[in-house]
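Pasting model-v9.cif here (mmCIF, C-alpha atoms):
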data_protein
#
loop_
_atom_site.label_atom_id
_atom_site.label_comp_id
_atom_site.auth_asym_id
_atom_site.auth_seq_id
_atom_site.Cartn_x
_atom_site.Cartn_y
_atom_site.Cartn_z
CA MET P 2 42.09 202.28 37.31
CA LYS P 3 43.82 205.57 38.14
CA PRO P 4 41.30 206.79 40.73
CA ASN P 5 41.88 203.66 42.78
CA GLU P 6 45.64 203.54 42.69
CA LYS P 7 46.16 205.61 45.82
CA THR P 8 43.20 204.34 47.85
CA ILE P 9 43.61 200.59 47.43
CA PHE P 10 46.18 199.05 49.76
CA LEU P 11 48.09 195.84 49.18
CA GLY P 12 49.58 195.03 52.56
CA PRO P 13 51.49 198.18 53.59
CA LEU P 14 51.61 199.77 50.12
CA THR P 15 49.10 201.65 48.02
CA LEU P 16 48.50 200.05 44.65
CA PHE P 17 50.28 203.06 43.17
CA ASP P 18 53.42 202.44 45.21
CA TYR P 19 53.23 198.71 44.63
CA LEU P 20 53.22 199.26 40.86
CA LEU P 21 56.28 201.50 41.14
CA GLN P 22 58.15 199.06 43.35
CA MET P 23 57.15 196.19 41.08
CA GLU P 24 58.90 197.86 38.16
CA ALA P 25 61.96 198.78 40.22
CA PHE P 26 62.38 195.38 41.87
CA HIS P 27 60.84 192.83 39.53
CA GLY P 28 61.84 194.73 36.39
CA SER P 29 58.44 194.96 34.71
CA ARG P 30 54.70 195.25 35.23
CA SER P 31 53.49 191.67 35.09
CA PRO P 32 50.09 190.02 35.53
CA GLY P 33 51.59 187.54 37.99
CA MET P 34 52.95 190.33 40.18
CA LEU P 35 49.67 192.23 40.04
CA ILE P 36 47.49 189.26 40.95
CA GLY P 37 50.15 188.05 43.40
CA GLY P 38 49.98 191.36 45.25
CA PHE P 39 46.26 190.92 45.81
CA MET P 40 46.85 187.32 46.90
CA VAL P 41 49.45 188.37 49.47
CA ASP P 42 47.12 191.07 50.74
CA LEU P 43 44.22 188.65 51.13
CA ALA P 44 46.36 186.06 52.88
CA LEU P 45 47.69 188.67 55.33
CA ARG P 46 44.21 189.94 56.13
CA LYS P 47 42.83 186.44 56.62
CA LEU P 48 45.73 185.44 58.86
CA GLY P 49 45.56 188.61 60.93
CA PRO P 50 48.42 190.43 62.62
CA THR P 51 51.30 188.31 63.91
CA PRO P 52 54.90 189.09 64.89
CA HIS P 53 55.79 185.61 63.62
CA LEU P 54 54.85 185.89 59.96
CA ASN P 55 56.24 183.36 57.52
CA MET P 56 55.24 182.92 53.88
CA VAL P 57 55.30 180.04 51.42
CA THR P 58 54.87 180.32 47.68
CA GLU P 59 54.14 177.23 45.61
CA THR P 60 55.86 178.53 42.49
CA VAL P 61 59.17 180.26 41.78
CA VAL P 62 57.48 182.64 39.34
CA CYS P 63 56.38 186.16 40.34
CA LEU P 64 54.83 185.28 43.71
CA PRO P 65 58.17 185.35 45.61
CA ASP P 66 58.66 188.96 44.52
CA ALA P 67 55.12 189.96 45.53
CA VAL P 68 55.83 188.51 48.98
CA GLN P 69 59.20 190.23 49.23
CA LEU P 70 57.71 193.64 48.37
CA LEU P 71 54.71 193.40 50.68
CA THR P 72 55.94 191.52 53.75
CA PRO P 73 59.12 191.35 55.87
CA CYS P 74 59.70 187.82 54.53
CA THR P 75 62.55 187.46 52.03
CA MET P 76 64.41 184.60 50.41
CA GLY P 77 67.62 185.44 52.22
CA ASN P 78 66.22 185.96 55.72
CA GLY P 79 64.52 182.59 55.64
CA PHE P 80 60.98 183.73 56.36
CA LEU P 81 59.93 183.07 52.76
CA GLN P 82 60.01 179.51 51.54
CA VAL P 83 59.71 178.92 47.80
CA LEU P 84 58.45 175.56 46.56
CA ASP P 85 59.11 174.80 42.89
CA TRP P 86 55.71 173.21 42.32
CA GLY P 87 54.45 175.44 39.53
CA LYS P 88 51.24 176.15 41.47
CA PHE P 89 50.00 179.73 41.60
CA ALA P 90 49.21 179.75 45.32
CA LEU P 91 50.71 181.04 48.52
CA THR P 92 50.28 180.74 52.27
CA ALA P 93 50.83 183.20 55.08
CA TYR P 94 51.33 181.51 58.44
CA ASP P 95 52.35 182.09 62.02
CA ARG P 96 55.52 180.11 62.65
CA VAL P 97 54.69 179.75 66.36
CA ASN P 98 51.11 178.48 66.31
CA LEU P 99 51.35 177.21 62.71
CA ALA P 100 47.95 178.63 61.73
CA GLY P 101 47.94 179.61 58.09
CA ALA P 102 45.88 181.22 55.34
CA ARG P 103 46.30 179.82 51.83
CA VAL P 104 45.20 181.72 48.74
CA GLY P 105 45.00 180.54 45.14
CA LEU P 106 43.03 181.50 42.06
CA ASN P 107 39.35 180.65 41.79
CA LEU P 108 39.41 178.92 38.41
CA GLU P 109 35.62 178.70 38.27
CA VAL P 110 35.23 182.46 37.72
CA LEU P 111 37.98 182.89 35.12
CA GLN P 112 35.61 182.40 32.19
CA GLY P 113 34.17 185.79 33.12
CA TYR P 114 37.60 187.43 32.93
CA PRO P 115 39.08 186.51 29.54
CA VAL P 116 42.29 188.51 29.86
CA ILE P 117 43.20 186.83 33.14
CA GLY P 118 41.96 183.48 31.88
CA SER P 119 44.05 183.63 28.73
CA TRP P 120 47.12 184.48 30.81
CA PHE P 121 46.54 181.76 33.39
CA PHE P 122 45.54 178.95 31.05
CA ARG P 123 48.33 179.85 28.62
CA ALA P 124 46.27 179.82 25.46
CA GLU P 125 48.15 178.23 22.56
CA PRO P 126 49.22 179.77 20.29
CA ALA P 127 49.89 182.65 22.66
CA PRO P 128 47.66 185.59 21.65
CA PRO P 129 49.06 189.15 21.46
CA LYS P 130 49.83 190.33 24.98
CA PRO P 131 47.03 192.61 26.17
CA PRO P 132 47.88 195.98 27.72
CA PHE P 133 48.67 195.76 31.43
CA GLU P 134 45.72 198.07 32.08
CA ASP P 135 43.38 195.36 30.82
CA PHE P 136 44.66 192.98 33.50
CA CYS P 137 44.22 195.71 36.11
CA ALA P 138 40.66 196.39 35.03
CA GLU P 139 39.68 192.73 35.28
CA VAL P 140 41.45 192.18 38.58
CA LEU P 141 39.73 195.18 40.14
CA ALA P 142 36.37 194.20 38.67
CA ALA P 143 36.66 190.64 39.97
CA GLY P 144 37.68 191.63 43.47
CA GLN P 145 37.87 188.90 46.07
CA ALA P 146 35.84 186.51 43.87
CA LEU P 147 39.04 185.96 41.89
CA PHE P 148 40.55 184.00 44.75
CA ARG P 149 40.04 180.83 46.70
CA PHE P 150 40.93 181.02 50.34
CA ARG P 151 41.23 178.33 52.98
CA SER P 152 42.50 178.21 56.52
CA VAL P 153 45.25 175.65 56.91
CA GLN P 154 47.28 174.25 59.77
CA LEU P 155 50.94 173.70 58.96
CA ARG P 156 52.60 170.42 59.87
CA LYS P 157 55.74 172.26 60.96
CA ALA P 158 57.47 175.61 60.48
CA LEU P 159 59.29 175.51 57.14
CA LYS P 160 62.30 177.55 58.24
CA PRO P 161 64.97 175.22 59.63
CA SER P 162 65.95 176.28 63.14
CA GLU P 163 68.71 173.86 64.08
CA ARG P 164 72.38 174.65 63.44
CA VAL P 165 73.76 172.59 60.58
CA PRO P 166 77.27 171.16 61.09
CA THR P 167 79.57 172.20 58.28
CA GLY P 168 83.03 171.06 57.27
CA ARG P 169 85.59 171.19 54.52
CA CYS P 170 84.95 169.27 51.31
CA SER P 171 87.86 166.88 50.80
CA ARG P 172 87.77 167.50 47.06
CA CYS P 173 87.34 171.26 46.49
CA GLY P 174 88.29 172.49 49.96
CA GLU P 175 85.16 174.63 50.37
CA PHE P 176 82.81 174.37 53.34
CA TYR P 177 79.42 172.67 53.01
CA PRO P 178 76.79 171.05 55.26
CA LEU P 179 78.20 167.62 56.12
CA ARG P 180 74.74 165.98 56.03
CA LEU P 181 74.73 166.45 52.25
CA GLY P 182 77.29 163.70 51.66
CA ALA P 183 80.97 162.75 51.68
CA VAL P 184 81.83 165.62 49.35
CA CYS P 185 79.95 168.84 48.55
CA PRO P 186 77.05 168.91 46.05
CA SER P 187 79.23 170.52 43.41
CA CYS P 188 81.85 167.77 43.70
CA GLN P 189 79.05 165.18 43.65
CA GLY P 190 78.56 166.17 40.03
CA LYS P 191 75.85 168.81 40.39
CA ALA P 192 78.13 171.70 39.42
CA TYR P 193 76.49 174.15 37.02
CA PHE P 194 79.85 175.17 35.57
CA GLU P 195 82.78 173.48 33.87
CA MET Q 14 84.01 202.80 58.86
CA LYS Q 15 81.98 205.99 58.64
CA PRO Q 16 84.36 207.90 56.36
CA ASN Q 17 84.09 205.12 53.78
CA GLU Q 18 80.37 204.56 53.78
CA LYS Q 19 79.61 207.07 51.07
CA THR Q 20 82.65 206.49 48.88
CA ILE Q 21 82.65 202.70 48.64
CA PHE Q 22 80.25 201.31 46.06
CA LEU Q 23 78.72 197.85 46.05
CA GLY Q 24 77.28 197.47 42.58
CA PRO Q 25 75.04 200.51 42.07
CA LEU Q 26 74.78 201.47 45.76
CA THR Q 27 77.08 203.23 48.18
CA LEU Q 28 77.89 201.14 51.22
CA PHE Q 29 75.80 203.64 53.19
CA ASP Q 30 72.72 203.04 51.04
CA TYR Q 31 73.34 199.30 50.98
CA LEU Q 32 73.33 199.19 54.78
CA LEU Q 33 70.04 201.11 54.87
CA GLN Q 34 68.42 198.89 52.26
CA MET Q 35 69.77 195.80 53.99
CA GLU Q 36 67.88 196.74 57.14
CA ALA Q 37 64.71 197.65 55.25
CA PHE Q 38 64.65 194.55 53.04
CA HIS Q 39 66.49 191.83 54.92
CA GLY Q 40 65.33 193.03 58.34
CA SER Q 41 68.69 193.37 60.06
CA ARG Q 42 72.36 194.15 59.61
CA SER Q 43 73.98 190.76 59.16
CA PRO Q 44 77.52 189.60 58.47
CA GLY Q 45 76.29 187.42 55.63
CA MET Q 46 74.61 190.37 53.94
CA LEU Q 47 77.66 192.58 54.41
CA ILE Q 48 80.14 190.07 53.03
CA GLY Q 49 77.62 189.01 50.40
CA GLY Q 50 77.39 192.58 49.15
CA PHE Q 51 81.13 192.66 48.53
CA MET Q 52 80.93 189.26 46.84
CA VAL Q 53 78.20 190.43 44.47
CA ASP Q 54 80.21 193.55 43.69
CA LEU Q 55 83.36 191.57 42.94
CA ALA Q 56 81.49 189.09 40.74
CA LEU Q 57 79.85 191.91 38.76
CA ARG Q 58 83.16 193.68 38.22
CA LYS Q 59 84.93 190.49 37.15
CA LEU Q 60 82.12 189.56 34.74
CA GLY Q 61 81.93 193.04 33.25
CA PRO Q 62 78.86 194.80 31.88
CA THR Q 63 76.22 192.64 30.23
CA PRO Q 64 72.55 193.16 29.34
CA HIS Q 65 72.06 189.43 29.98
CA LEU Q 66 73.00 189.18 33.66
CA ASN Q 67 71.92 186.12 35.61
CA MET Q 68 73.01 185.20 39.13
CA VAL Q 69 73.31 181.95 41.07
CA THR Q 70 73.72 181.64 44.82
CA GLU Q 71 74.83 178.34 46.32
CA THR Q 72 73.01 178.89 49.60
CA VAL Q 73 69.53 180.08 50.57
CA VAL Q 74 70.96 182.19 53.40
CA CYS Q 75 71.65 185.93 53.01
CA LEU Q 76 73.25 185.82 49.56
CA PRO Q 77 69.92 185.83 47.66
CA ASP Q 78 69.04 189.12 49.37
CA ALA Q 79 72.42 190.69 48.57
CA VAL Q 80 71.86 189.77 44.91
CA GLN Q 81 68.30 191.12 44.92
CA LEU Q 82 69.42 194.47 46.37
CA LEU Q 83 72.39 194.98 44.08
CA THR Q 84 71.34 193.52 40.72
CA PRO Q 85 68.19 193.35 38.57
CA CYS Q 86 68.03 189.60 39.29
CA THR Q 87 65.27 188.51 41.67
CA MET Q 88 63.76 185.23 42.78
CA GLY Q 89 60.45 185.99 41.09
CA ASN Q 90 61.74 187.26 37.75
CA GLY Q 91 63.80 184.13 37.27
CA PHE Q 92 67.19 185.76 36.78
CA LEU Q 93 68.35 184.64 40.23
CA GLN Q 94 68.68 180.91 40.83
CA VAL Q 95 69.09 179.74 44.41
CA LEU Q 96 70.71 176.38 45.08
CA ASP Q 97 70.19 174.93 48.55
CA TRP Q 98 73.75 173.66 48.85
CA GLY Q 99 74.80 175.50 52.02
CA LYS Q 100 77.87 176.89 50.25
CA PHE Q 101 78.70 180.57 50.74
CA ALA Q 102 79.45 181.32 47.10
CA LEU Q 103 77.77 182.94 44.14
CA THR Q 104 78.20 183.33 40.40
CA ALA Q 105 77.35 186.17 38.04
CA TYR Q 106 77.01 185.04 34.45
CA ASP Q 107 75.91 186.10 31.00
CA ARG Q 108 72.96 183.92 30.02
CA VAL Q 109 73.79 184.28 26.32
CA ASN Q 110 77.48 183.42 26.15
CA LEU Q 111 77.42 181.53 29.51
CA ALA Q 112 80.65 183.14 30.73
CA GLY Q 113 80.60 183.49 34.50
CA ALA Q 114 82.49 184.84 37.49
CA ARG Q 115 82.26 182.80 40.71
CA VAL Q 116 83.18 184.28 44.09
CA GLY Q 117 83.54 182.53 47.45
CA LEU Q 118 85.43 183.17 50.66
CA ASN Q 119 89.19 182.69 50.83
CA LEU Q 120 89.35 180.42 53.85
CA GLU Q 121 93.14 180.61 53.99
CA VAL Q 122 93.12 184.23 55.18
CA LEU Q 123 90.36 183.91 57.78
CA GLN Q 124 92.80 183.20 60.61
CA GLY Q 125 93.85 186.84 60.29
CA TYR Q 126 90.24 188.02 60.71
CA PRO Q 127 88.93 186.37 63.88
CA VAL Q 128 85.52 188.04 63.88
CA ILE Q 129 84.76 186.85 60.35
CA GLY Q 130 86.38 183.48 61.04
CA SER Q 131 84.32 182.85 64.15
CA TRP Q 132 81.15 183.71 62.22
CA PHE Q 133 82.00 181.55 59.22
CA PHE Q 134 83.32 178.51 61.05
CA ARG Q 135 80.45 178.69 63.56
CA ALA Q 136 82.56 178.36 66.71
CA GLU Q 137 80.88 176.07 69.26
CA PRO Q 138 79.66 177.08 71.76
CA ALA Q 139 78.67 180.24 69.93
CA PRO Q 140 80.57 183.20 71.43
CA PRO Q 141 78.77 186.49 72.22
CA LYS Q 142 77.85 188.18 68.95
CA PRO Q 143 80.40 190.92 68.17
CA PRO Q 144 79.14 194.39 67.22
CA PHE Q 145 78.35 194.71 63.52
CA GLU Q 146 81.02 197.42 63.29
CA ASP Q 147 83.67 194.80 64.09
CA PHE Q 148 82.62 192.79 61.03
CA CYS Q 149 82.73 195.93 58.93
CA ALA Q 150 86.20 196.82 60.16
CA GLU Q 151 87.58 193.38 59.30
CA VAL Q 152 85.84 193.21 55.92
CA LEU Q 153 87.21 196.61 54.91
CA ALA Q 154 90.68 195.75 56.24
CA ALA Q 155 90.77 192.46 54.34
CA GLY Q 156 89.61 193.92 51.04
CA GLN Q 157 89.69 191.66 48.04
CA ALA Q 158 92.00 189.18 49.80
CA LEU Q 159 88.89 187.94 51.62
CA PHE Q 160 87.59 186.35 48.46
CA ARG Q 161 88.41 183.61 46.00
CA PHE Q 162 87.47 184.34 42.43
CA ARG Q 163 87.45 182.12 39.36
CA SER Q 164 86.16 182.45 35.84
CA VAL Q 165 83.70 179.72 35.00
CA GLN Q 166 81.82 178.58 31.94
CA LEU Q 167 78.26 177.52 32.60
CA ARG Q 168 76.96 174.27 31.16
CA LYS Q 169 73.62 175.92 30.36
CA ALA Q 170 71.52 178.90 31.40
CA LEU Q 171 69.76 178.03 34.63
CA LYS Q 172 66.54 179.86 33.86
CA PRO Q 173 64.12 177.52 32.09
CA SER Q 174 63.01 179.05 28.81
CA GLU Q 175 60.54 176.54 27.44
CA ARG Q 176 56.83 176.80 28.16
CA VAL Q 177 55.70 174.16 30.61
CA PRO Q 178 52.37 172.46 29.82
CA THR Q 179 49.99 172.73 32.75
CA GLY Q 180 46.70 171.07 33.52
CA ARG Q 181 44.15 170.42 36.22
CA CYS Q 182 45.05 168.07 39.06
CA SER Q 183 42.42 165.32 39.13
CA ARG Q 184 42.49 165.29 42.92
CA CYS Q 185 42.48 168.93 44.13
CA GLY Q 186 41.38 170.60 40.89
CA GLU Q 187 44.23 173.13 40.90
CA PHE Q 188 46.58 173.65 37.95
CA TYR Q 189 50.15 172.31 38.04
CA PRO Q 190 52.93 171.40 35.54
CA LEU Q 191 51.90 168.03 34.11
CA ARG Q 192 55.50 166.80 33.95
CA LEU Q 193 55.51 166.60 37.76
CA GLY Q 194 53.27 163.53 37.84
CA ALA Q 195 49.72 162.20 37.61
CA VAL Q 196 48.58 164.52 40.40
CA CYS Q 197 50.08 167.74 41.75
CA PRO Q 198 52.98 167.71 44.24
CA SER Q 199 50.67 168.59 47.11
CA CYS Q 200 48.37 165.66 46.32
CA GLN Q 201 51.42 163.42 45.95
CA GLY Q 202 51.86 163.81 49.71
CA LYS Q 203 54.23 166.77 49.83
CA ALA Q 204 51.65 169.17 51.27
CA TYR Q 205 53.04 171.35 54.06
CA PHE Q 206 49.59 171.73 55.64
CA GLU Q 207 46.88 169.44 57.00
#
Could you rewrite the structure in this file as structure tokens?
Amino acid sequence: MKPNEKTIFLGPLTLFDYLLQMEAFHGSRSPGMLIGGFMVDLALRKLGPTPHLNMVTETVVCLPDAVQLLTPCTMGNGFLQVLDWGKFALTAYDRVNLAGARVGLNLEVLQGYPVIGSWFFRAEPAPPKPPFEDFCAEVLAAGQALFRFRSVQLRKALKPSERVPTGRCSRCGEFYPLRLGAVCPSCQGKAYFE
Amino acid sequence: MKPNEKTIFLGPLTLFDYLLQMEAFHGSRSPGMLIGGFMVDLALRKLGPTPHLNMVTETVVCLPDAVQLLTPCTMGNGFLQVLDWGKFALTAYDRVNLAGARVGLNLEVLQGYPVIGSWFFRAEPAPPKPPFEDFCAEVLAAGQALFRFRSVQLRKALKPSERVPTGRCSRCGEFYPLRLGAVCPSCQGKAYFE
């Protein structure tokens, strides 16, 4: 794969730089981040340039980090929405005209790429983890055939735009969005701590 | 603030570097990111060193990006959990012994810091946005008094550790976690696109 690392671009980064940033940000080289980078790139190219880019991922795993490395959309700036659906798919869309490009895996071709297939279908019992280079080789060999793309039209922009009235929780004294109930979510019993 | 920018550390970064990375990653200098950086730093120092760091933010706004810049915990690697509670608070915890340090704002002192107070309490109608330097000046003047800290014990680690069985959705043909229902969330009517 080495000869390609500095000539293949994923969004604004060379594959070489993406691999470095993946380790620095995500903490490891992972198949999900590698494939996710190509998915983000394909979605961006299919959508075309827009100053109003938003992204949606349909899983919390890996894909949010691929988006955050390759686009201006982050969790904390609101331009990335993360749905906890466990689906390995993502959409790039224009939040003004709501035109979107959704990319997922093309499951029909995975039989030809056993390393990717074993990862995606979660073979049980889990086989020994193949070297990361084996994923890279299959991903580069598969190219765009690895993905399913469709144009979509969003029902609405997923980033909330209205101001949310907040107020003091009568139980804990902290501020929270009043629409969430008479007391804050933590005091409603959802607290994750004692 | 300039004299302090290279001597104050937020987690592993100088304030100077944090401000640069804030603009590059988050897209702008924001009060939430500035204050969030100090909150992350305080939580990390109160928790102490651990190889098992996990983080929780209680809002989707700003704080997830402060965590992702200053810790190894990201959305996509699973060590950051984001609760959509609209509460400006976060917790650093050890996922093995479940000891945590939760940090929020100390609302009692905000009357002494009108720029921060106006931002946090969302004065209506919204006043002209003060220069970012005014936020910095108040945050540095307030110091640790700006925050409320408590030690907490988590009920359980928030990162799921078990493998989730997945299978093909009988409607769209894509893979999803079978525990979510007879068809995938999108086919259950939650799709965000036409």
Residues of chain Q were defined as contacting chain P if any atom lay at most 9 Å from it, counting all atoms listed in the file; please report them as a ChimeraX atom specification. /Q:37-41,46,72-79,81-82,85-91,98-101,113,117-118,120,134-135,165-171,178-180,186-190,193,197-199,204-207
Figure out the distance between atom CA of Leu26 of chain Q and atom CA of Asp54 of chain Q, please, to one decimal in Å.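 Computing the Euclidean distance for atom CA of Asp54 of chain Q and atom CA of Leu26 of chain Q yields 9.8 Å.
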One-decimal distance in Å that lies between atom CA of Pro143 of chain Q and atom CA of Ser162 of chain P: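 Going from atom CA of Ser162 of chain P over to atom CA of Pro143 of chain Q covers 21.2 Å.
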Show me, as a PyMOL selection string, the residues that have an atom within 12 Å of Phe29 of chain Q when counting only C-alpha atoms, minus same-chain residues fewer than 5 positions from it. chain Q and resi 14-23+34-36+42+47+50+149
Between atom CA of Phe148 of chain P and atom CA of Gln112 of chain P, what is the distance in Å, rounded to a tenth?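 So the answer is 13.6 Å.
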Nearest to Leu91 of chain P by atom-to-atom distance, counting only C-alpha atoms, from P:Tyr19, P:Phe39, P:Trp120, P:Phe136: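 So, comparing all the options, the nearest one is P:Phe39.
When you apply the PyMOL selection byres ((chain Q and resi 122) around 12) to this structure, what comes back is Leu118, Asn119, Leu120, Glu121, Leu123, Gln124, Gly125, Tyr126, Pro127, Ile129, Gly130, Glu151, Val152, Ala154, Ala155, Gly156, Gln157, Ala158, Leu159, Phe160 and Arg161 of chain Q.
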Centre, edges in Å (one decimal): axis-aligned box, segment 150-168 of chain P, 6 Å padding on all six sides, as JSON:
{"center_x": 62.0, "center_y": 175.7, "center_z": 57.2, "size_x": 54.1, "size_y": 22.6, "size_z": 25.7}
Spatial sel., origin (56.2, 186.1, 60.6), limit 10 Å, only C-alpha atoms, listed as number ranges by chain: P: 50-56, 72-74, 80-81, 93-97
Have segment 179-187 of chain P completed to all heavy atoms, please, and pass it along as a PDB file, keeping the file's coordinate frame.
ATOM      1  N   LEU P 179      77.680 168.985  56.206  1.00  0.00           N
ATOM      2  CA  LEU P 179      78.200 167.620  56.120  1.00  0.00           C
ATOM      3  C   LEU P 179      77.089 166.596  55.861  1.00  0.00           C
ATOM      4  O   LEU P 179      77.345 165.529  55.290  1.00  0.00           O
ATOM      5  CB  LEU P 179      78.967 167.279  57.401  1.00  0.00           C
ATOM      6  CG  LEU P 179      80.218 168.153  57.619  1.00  0.00           C
ATOM      7  CD1 LEU P 179      80.818 167.912  58.996  1.00  0.00           C
ATOM      8  CD2 LEU P 179      81.256 167.880  56.515  1.00  0.00           C
ATOM      9  N   ARG P 180      75.836 166.942  56.254  1.00  0.00           N
ATOM     10  CA  ARG P 180      74.740 165.980  56.030  1.00  0.00           C
ATOM     11  C   ARG P 180      74.469 165.746  54.543  1.00  0.00           C
ATOM     12  O   ARG P 180      73.763 164.800  54.181  1.00  0.00           O
ATOM     13  CB  ARG P 180      73.458 166.476  56.717  1.00  0.00           C
ATOM     14  CG  ARG P 180      72.922 167.783  56.160  1.00  0.00           C
ATOM     15  CD  ARG P 180      71.569 168.171  56.737  1.00  0.00           C
ATOM     16  NE  ARG P 180      71.282 169.579  56.483  1.00  0.00           N
ATOM     17  CZ  ARG P 180      70.943 170.089  55.290  1.00  0.00           C
ATOM     18  NH1 ARG P 180      70.818 169.299  54.242  1.00  0.00           N
ATOM     19  NH2 ARG P 180      70.720 171.389  55.145  1.00  0.00           N
ATOM     20  N   LEU P 181      75.040 166.586  53.673  1.00  0.00           N
ATOM     21  CA  LEU P 181      74.730 166.450  52.250  1.00  0.00           C
ATOM     22  C   LEU P 181      75.556 165.369  51.554  1.00  0.00           C
ATOM     23  O   LEU P 181      75.328 165.067  50.384  1.00  0.00           O
ATOM     24  CB  LEU P 181      74.904 167.788  51.519  1.00  0.00           C
ATOM     25  CG  LEU P 181      73.922 168.887  51.924  1.00  0.00           C
ATOM     26  CD1 LEU P 181      74.131 170.139  51.080  1.00  0.00           C
ATOM     27  CD2 LEU P 181      72.473 168.402  51.795  1.00  0.00           C
ATOM     28  N   GLY P 182      76.531 164.777  52.277  1.00  0.00           N
ATOM     29  CA  GLY P 182      77.290 163.700  51.660  1.00  0.00           C
ATOM     30  C   GLY P 182      78.778 163.800  51.967  1.00  0.00           C
ATOM     31  O   GLY P 182      79.223 164.689  52.691  1.00  0.00           O
ATOM     32  N   ALA P 183      79.543 162.842  51.395  1.00  0.00           N
ATOM     33  CA  ALA P 183      80.970 162.750  51.680  1.00  0.00           C
ATOM     34  C   ALA P 183      81.755 163.900  51.053  1.00  0.00           C
ATOM     35  O   ALA P 183      82.810 164.280  51.556  1.00  0.00           O
ATOM     36  CB  ALA P 183      81.522 161.413  51.189  1.00  0.00           C
ATOM     37  N   VAL P 184      81.258 164.409  49.944  1.00  0.00           N
ATOM     38  CA  VAL P 184      81.830 165.620  49.350  1.00  0.00           C
ATOM     39  C   VAL P 184      80.679 166.584  49.085  1.00  0.00           C
ATOM     40  O   VAL P 184      79.499 166.226  49.215  1.00  0.00           O
ATOM     41  CB  VAL P 184      82.608 165.320  48.032  1.00  0.00           C
ATOM     42  CG1 VAL P 184      83.851 164.471  48.311  1.00  0.00           C
ATOM     43  CG2 VAL P 184      81.711 164.642  47.014  1.00  0.00           C
ATOM     44  N   CYS P 185      80.994 167.825  48.704  1.00  0.00           N
ATOM     45  CA  CYS P 185      79.950 168.840  48.550  1.00  0.00           C
ATOM     46  C   CYS P 185      79.107 168.570  47.297  1.00  0.00           C
ATOM     47  O   CYS P 185      79.519 167.802  46.422  1.00  0.00           O
ATOM     48  CB  CYS P 185      80.577 170.233  48.506  1.00  0.00           C
ATOM     49  SG  CYS P 185      81.198 170.690  46.880  1.00  0.00           S
ATOM     50  N   PRO P 186      77.922 169.171  47.207  1.00  0.00           N
ATOM     51  CA  PRO P 186      77.050 168.910  46.050  1.00  0.00           C
ATOM     52  C   PRO P 186      77.740 169.164  44.716  1.00  0.00           C
ATOM     53  O   PRO P 186      77.551 168.408  43.754  1.00  0.00           O
ATOM     54  CB  PRO P 186      75.884 169.879  46.259  1.00  0.00           C
ATOM     55  CG  PRO P 186      75.831 170.093  47.729  1.00  0.00           C
ATOM     56  CD  PRO P 186      77.268 170.072  48.183  1.00  0.00           C
ATOM     57  N   SER P 187      78.541 170.211  44.655  1.00  0.00           N
ATOM     58  CA  SER P 187      79.230 170.520  43.410  1.00  0.00           C
ATOM     59  C   SER P 187      80.151 169.367  43.013  1.00  0.00           C
ATOM     60  O   SER P 187      80.158 168.927  41.860  1.00  0.00           O
ATOM     61  CB  SER P 187      80.003 171.819  43.580  1.00  0.00           C
ATOM     62  OG  SER P 187      80.355 172.367  42.349  1.00  0.00           O
TER      63      SER P 187
END
